[in-house]
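Raw structure_33.csv, CSV, C-alpha atoms:
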chain,number,residue,atom,x,y,z
D,1,ASN,CA,22.0,-4.3,-5.5
D,2,ALA,CA,21.9,-2.6,-2.1
D,3,GLY,CA,18.7,-3.0,-0.2
D,4,VAL,CA,16.5,-0.1,1.1
D,5,MET,CA,18.7,2.2,3.0
D,6,GLN,CA,17.4,4.3,5.9
D,7,ASN,CA,19.3,6.8,7.9
D,8,PRO,CA,20.0,7.6,10.5
D,9,ARG,CA,19.3,4.3,12.3
D,10,HIS,CA,18.8,6.1,15.5
D,11,LEU,CA,17.7,9.7,16.0
D,12,VAL,CA,17.3,11.6,19.3
D,13,ARG,CA,15.5,14.9,19.3
D,14,ARG,CA,14.3,17.3,22.0
D,15,ARG,CA,10.7,18.3,22.1
D,16,GLY,CA,10.0,21.0,19.6
D,17,GLN,CA,12.9,20.2,17.2
D,18,GLU,CA,12.6,18.8,13.7
D,19,ALA,CA,13.3,15.3,12.7
D,20,ARG,CA,14.3,14.4,9.1
D,21,LEU,CA,14.3,10.7,8.2
D,22,ARG,CA,15.8,9.6,4.9
D,23,CYS,CA,15.0,6.6,2.8
D,24,SER,CA,16.9,5.5,-0.4
D,25,PRO,CA,14.8,2.9,-2.2
D,26,MET,CA,16.3,-0.1,-4.0
D,27,LYS,CA,17.7,0.5,-7.4
D,28,GLY,CA,15.0,0.5,-10.0
D,29,HIS,CA,12.2,1.0,-7.4
D,30,SER,CA,10.0,4.0,-8.0
D,31,HIS,CA,7.5,3.5,-5.2
D,32,VAL,CA,8.2,4.4,-1.5
D,33,TYR,CA,6.1,3.7,1.5
D,34,TRP,CA,6.5,5.0,5.0
D,35,TYR,CA,5.2,3.3,8.1
D,36,ARG,CA,5.3,4.0,11.8
D,37,GLN,CA,5.6,1.3,14.5
D,38,LEU,CA,4.9,2.5,18.0
D,39,PRO,CA,6.5,0.5,20.9
D,40,GLU,CA,4.8,-2.9,21.3
D,41,GLU,CA,2.4,-2.1,18.5
D,42,GLY,CA,1.9,-3.1,14.9
D,43,LEU,CA,2.8,-1.4,11.7
D,44,LYS,CA,0.8,1.6,10.6
D,45,PHE,CA,0.9,2.8,7.0
D,46,MET,CA,1.6,6.6,6.7
D,47,VAL,CA,2.2,7.6,3.1
D,48,TYR,CA,2.8,6.2,-0.3
D,49,LEU,CA,4.9,8.1,-2.8
D,50,GLN,CA,6.2,7.9,-6.3
D,51,LYS,CA,8.8,10.2,-7.7
D,52,GLU,CA,7.6,13.8,-7.2
D,53,ASN,CA,4.1,12.6,-6.3
D,54,ILE,CA,2.2,11.7,-3.2
D,55,ILE,CA,-0.2,8.9,-4.1
D,56,ASP,CA,-1.8,8.1,-0.8
D,57,GLU,CA,-1.3,10.0,2.5
D,58,SER,CA,-4.3,8.7,4.3
D,59,GLY,CA,-2.2,7.5,7.2
D,60,MET,CA,-0.3,10.8,7.8
D,61,PRO,CA,-1.2,12.9,10.8
D,62,LYS,CA,-2.7,16.1,9.6
D,63,GLU,CA,-0.2,18.4,11.2
D,64,ARG,CA,3.6,18.5,11.6
D,65,PHE,CA,4.2,15.5,9.3
D,66,SER,CA,5.2,15.7,5.7
D,67,ALA,CA,6.9,13.5,3.1
D,68,GLU,CA,8.5,14.0,-0.2
D,69,PHE,CA,10.2,11.8,-2.9
D,70,PRO,CA,12.1,14.2,-5.2
D,71,LYS,CA,13.2,13.4,-8.7
D,72,GLU,CA,16.8,13.0,-7.4
D,73,GLY,CA,17.8,11.8,-4.0
D,74,PRO,CA,16.1,10.0,-1.2
D,75,SER,CA,12.6,10.2,0.1
D,76,ILE,CA,12.3,12.3,3.2
D,77,LEU,CA,9.9,12.0,6.1
D,78,ARG,CA,9.8,15.3,8.0
D,79,ILE,CA,8.4,15.7,11.5
D,80,GLN,CA,8.2,19.3,12.7
D,81,GLN,CA,8.0,20.3,16.4
D,82,VAL,CA,8.4,16.7,17.6
D,83,VAL,CA,6.5,15.6,20.7
D,84,ARG,CA,7.1,12.6,23.0
D,85,GLY,CA,4.3,10.7,21.3
D,86,ASP,CA,6.3,10.8,18.0
D,87,SER,CA,8.9,8.4,19.5
D,88,ALA,CA,8.6,5.3,17.4
D,89,ALA,CA,10.4,3.2,14.7
D,90,TYR,CA,9.8,4.6,11.3
D,91,PHE,CA,10.1,2.1,8.4
D,92,CYS,CA,10.4,2.8,4.8
D,93,ALA,CA,9.7,0.2,2.0
D,94,SER,CA,10.1,0.4,-1.7
D,95,SER,CA,8.7,-1.6,-4.6
D,96,PRO,CA,9.1,-1.6,-8.3
D,97,PRO,CA,6.7,0.0,-10.7
D,98,GLN,CA,3.3,-1.6,-10.4
D,99,GLY,CA,2.4,-4.7,-12.5
D,100,GLY,CA,2.0,-8.3,-11.4
D,101,ARG,CA,3.0,-9.2,-8.0
D,102,THR,CA,4.6,-6.4,-6.0
D,103,GLU,CA,6.6,-7.0,-2.9
D,104,ALA,CA,7.6,-4.2,-0.6
D,105,PHE,CA,11.3,-4.4,0.5
D,106,PHE,CA,11.8,-2.9,3.9
D,107,GLY,CA,14.7,-0.9,5.3
D,108,GLN,CA,16.0,-1.4,8.8
D,109,GLY,CA,14.1,1.5,10.2
D,110,THR,CA,14.9,4.7,12.0
D,111,ARG,CA,14.3,4.7,15.7
D,112,LEU,CA,13.2,8.2,16.8
D,113,THR,CA,13.4,9.1,20.4
D,114,VAL,CA,12.0,12.4,21.6
D,115,VAL,CA,13.3,13.5,24.9
J,1,GLY,CA,-12.7,0.4,5.1
J,2,GLU,CA,-9.9,-2.1,4.4
J,3,ASP,CA,-8.6,-3.8,7.4
J,4,VAL,CA,-6.4,-6.8,8.4
J,5,GLU,CA,-6.8,-8.4,11.8
J,6,GLN,CA,-4.5,-10.8,13.7
J,7,SER,CA,-4.3,-12.0,17.2
J,8,LEU,CA,-1.5,-10.3,19.1
J,9,PHE,CA,0.3,-13.2,20.8
J,10,LEU,CA,1.0,-16.9,20.2
J,11,SER,CA,3.1,-19.2,22.4
J,12,VAL,CA,4.2,-22.6,21.2
J,13,ARG,CA,6.5,-25.3,22.4
J,14,GLU,CA,9.7,-25.9,20.5
J,15,GLY,CA,9.2,-28.6,17.9
J,16,ASP,CA,5.4,-28.1,17.7
J,17,SER,CA,3.6,-26.4,14.8
J,18,SER,CA,2.7,-22.7,15.0
J,19,VAL,CA,-0.5,-21.5,13.3
J,20,ILE,CA,-0.9,-17.7,12.9
J,21,ASN,CA,-4.2,-16.5,11.7
J,22,CYS,CA,-5.3,-13.4,9.8
J,23,THR,CA,-8.6,-12.0,8.5
J,24,TYR,CA,-8.8,-9.4,5.8
J,25,THR,CA,-11.6,-7.3,4.2
J,26,ASP,CA,-10.5,-6.4,0.7
J,27,SER,CA,-11.8,-9.2,-1.5
J,28,SER,CA,-10.0,-7.7,-4.5
J,29,SER,CA,-6.5,-8.3,-3.2
J,30,THR,CA,-4.5,-10.2,-5.8
J,31,TYR,CA,-1.8,-11.2,-3.4
J,32,LEU,CA,-1.6,-11.7,0.3
J,33,TYR,CA,1.7,-11.6,2.2
J,34,TRP,CA,3.4,-12.8,5.3
J,35,TYR,CA,6.3,-10.8,6.7
J,36,LYS,CA,8.6,-11.6,9.7
J,37,GLN,CA,10.1,-9.0,11.9
J,38,GLU,CA,12.9,-10.0,14.3
J,39,PRO,CA,13.7,-7.8,17.3
J,40,GLY,CA,15.2,-4.5,16.3
J,41,ALA,CA,15.0,-5.2,12.6
J,42,GLY,CA,12.9,-4.3,9.6
J,43,LEU,CA,10.3,-6.6,8.0
J,44,GLN,CA,11.4,-9.4,5.8
J,45,LEU,CA,9.0,-11.0,3.3
J,46,LEU,CA,8.5,-14.7,4.3
J,47,THR,CA,6.0,-15.8,1.7
J,48,TYR,CA,3.0,-14.8,-0.3
J,49,ILE,CA,0.1,-16.4,-2.0
J,50,PHE,CA,-1.8,-15.5,-5.1
J,51,SER,CA,-5.5,-15.1,-4.5
J,52,ASN,CA,-6.6,-17.9,-6.8
J,53,MET,CA,-4.6,-20.4,-4.7
J,54,ASP,CA,-5.9,-22.3,-1.7
J,55,MET,CA,-2.5,-23.4,-0.4
J,56,LYS,CA,1.2,-22.8,-0.8
J,57,GLN,CA,3.9,-24.7,0.8
J,58,ASP,CA,7.5,-23.6,1.1
J,59,GLN,CA,9.8,-25.8,3.3
J,60,ARG,CA,8.5,-25.5,6.8
J,61,LEU,CA,5.9,-22.8,5.9
J,62,THR,CA,2.4,-23.5,4.7
J,63,VAL,CA,0.0,-20.8,3.8
J,64,LEU,CA,-3.7,-21.5,3.6
J,65,LEU,CA,-6.2,-19.1,2.0
J,66,ASN,CA,-9.9,-19.3,2.5
J,67,LYS,CA,-11.1,-16.7,0.1
J,68,LYS,CA,-14.8,-17.1,0.9
J,69,ASP,CA,-14.2,-16.4,4.6
J,70,LYS,CA,-11.3,-13.9,3.9
J,71,HIS,CA,-9.1,-15.9,6.2
J,72,LEU,CA,-5.4,-16.5,5.8
J,73,SER,CA,-3.1,-18.6,7.9
J,74,LEU,CA,0.6,-19.3,8.2
J,75,ARG,CA,1.7,-22.6,9.6
J,76,ILE,CA,5.3,-23.1,10.7
J,77,ALA,CA,6.2,-26.7,11.1
J,78,ASP,CA,8.8,-27.9,13.7
J,79,THR,CA,9.0,-24.4,15.3
J,80,GLN,CA,12.5,-23.4,16.4
J,81,THR,CA,13.8,-20.7,18.7
J,82,GLY,CA,14.9,-18.8,15.7
J,83,ASP,CA,11.2,-18.4,14.6
J,84,SER,CA,10.6,-16.1,17.6
J,85,ALA,CA,9.5,-12.9,15.9
J,86,ILE,CA,6.5,-10.8,15.0
J,87,TYR,CA,4.6,-12.0,12.0
J,88,PHE,CA,2.6,-9.6,9.9
J,89,CYS,CA,-0.1,-10.4,7.5
J,90,ALA,CA,-0.6,-7.9,4.6
J,91,GLU,CA,-2.8,-7.3,1.7
J,92,ARG,CA,-1.0,-5.0,-0.8
J,93,GLU,CA,1.8,-2.8,0.5
J,94,ILE,CA,-0.3,-0.5,2.6
J,95,ILE,CA,-2.6,-2.7,4.6
J,96,PHE,CA,-0.8,-4.6,7.4
J,97,GLY,CA,-2.2,-6.4,10.4
J,98,SER,CA,-1.1,-5.5,13.9
J,99,GLY,CA,1.3,-8.4,14.0
J,100,THR,CA,1.4,-11.6,16.0
J,101,ARG,CA,4.2,-12.0,18.4
J,102,LEU,CA,5.3,-15.6,18.4
J,103,SER,CA,7.2,-16.9,21.4
J,104,ILE,CA,8.8,-20.3,21.8
J,105,ARG,CA,8.9,-22.3,25.0
J,106,PRO,CA,11.5,-24.9,25.6
Once more with this new file: its structure as structure tokens, please.
Amino acid sequence: NAGVMQNPRHLVRRRGQEARLRCSPMKGHSHVYWYRQLPEEGLKFMVYLQKENIIDESGMPKERFSAEFPKEGPSILRIQQVVRGDSAAYFCASSPPQGGRTEAFFGQGTRLTVV
Amino acid sequence: GEDVEQSLFLSVREGDSSVINCTYTDSSSTYLYWYKQEPGAGLQLLTYIFSNMDMKQDQRLTVLLNKKDKHLSLRIADTQTGDSAIYFCAEREIIFGSGTRLSIRP
């Protein structure tokens, strides 16, 4: 059972370009979470999705950021018109359907550098 | 709103015990978690505690929960250089502390 897979591991974008970050949850997991970790800072929740539904996007910036988790395929975090301040590590986690103790399993992260 | 707070840094001597503290606000949390993040890596679940427990021990790790004060701590006995990492306290999957960076001195 492969873990949570994120790709790419490293992504470099010029200011104004688009960044697309992918996350494949663990097999059997229907919940996906995205987090951002700025250099030397803690982990900030961005969005929580189930298949085809956004459950909680309270941590998402209002502009340029969007996320989806389609019926088929990975979850995508999309950042349009990237700026230098978007440079960070973006982590995805997945968990099984709710019920009892839930534990989020994390991917290795995508490190986005905006130049 | 819901919040989890941790001190940012902790430095201990190799072989000593490390105690990382955390306070949280959501009294309805059923489980509380400790995650470890090594440099350049993702987060790995270390341990968790159910909210009706006061203490949980797992080898070198001891978790203490004071539900009245909403205070959670992680004690690492006989701290080793491999314990150098950032430790995150979390309540549920979306509420994480800022992380405590543990460094080990020889």
At a cut-off of 10 Å, can you tabulate as a tab-separated table every residue of chain J near chain D together with its closest atom pair and the distance in Å to one decimal, using all atoms listed in the file and ordering rows by chain then number?
residue	atom	partner	partner_atom	distance
J:Leu8	CA	D:Gly42	CA	9.0
J:Thr30	CA	D:Arg101	CA	7.9
J:Tyr31	CA	D:Arg101	CA	6.9
J:Leu32	CA	D:Arg101	CA	9.8
J:Tyr33	CA	D:Glu103	CA	8.4
J:Tyr35	CA	D:Ala104	CA	9.9
J:Gly40	CA	D:Gln108	CA	8.2
J:Ala41	CA	D:Gln108	CA	5.5
J:Gly42	CA	D:Gln108	CA	4.3
J:Leu43	CA	D:Phe106	CA	5.7
J:Gln44	CA	D:Phe106	CA	6.8
J:Leu45	CA	D:Phe105	CA	7.5
J:Thr47	CA	D:Glu103	CA	9.9
J:Tyr48	CA	D:Glu103	CA	9.0
J:Ile49	CA	D:Arg101	CA	9.8
J:Phe50	CA	D:Arg101	CA	8.4
J:Ile86	CA	D:Gly42	CA	9.0
J:Tyr87	CA	D:Gly42	CA	9.7
J:Phe88	CA	D:Gly42	CA	8.2
J:Arg92	CA	D:Thr102	CA	7.8
J:Glu93	CA	D:Ala104	CA	6.1
J:Ile94	CA	D:Phe45	CA	5.6
J:Ile95	CA	D:Phe45	CA	6.9
J:Phe96	CA	D:Leu43	CA	6.5
J:Gly97	CA	D:Gly42	CA	6.9
J:Ser98	CA	D:Gly42	CA	4.0
J:Gly99	CA	D:Gly42	CA	5.4
J:Thr100	CA	D:Gly42	CA	8.6
J:Arg101	CA	D:Glu40	CA	9.6
Nearest to Ser28 (chain J), restricted to only C-alpha atoms and choosing among J:Leu72, J:Leu61, J:Ala77, J:Asn52, comes out as J:Asn52
So the first atom is CA of Ser29 (chain J) and the second is CA of His31 (chain D); what is the distance between them in Å, to one decimal place?
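Atom-to-atom, CA of Ser29 (chain J) to CA of His31 (chain D), that is 18.4 Å.
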Nearest residue to Leu102 (chain J) out of J:Trp34, J:Lys68, J:Cys89, J:Asp83, using all atoms listed in the file?
J:Asp83
For a test of reading the model, state the distance in Å between CA of Asp78 (chain J) and CA of Ser18 (chain J), rounded to one decimal.
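The value is 8.1 Å.
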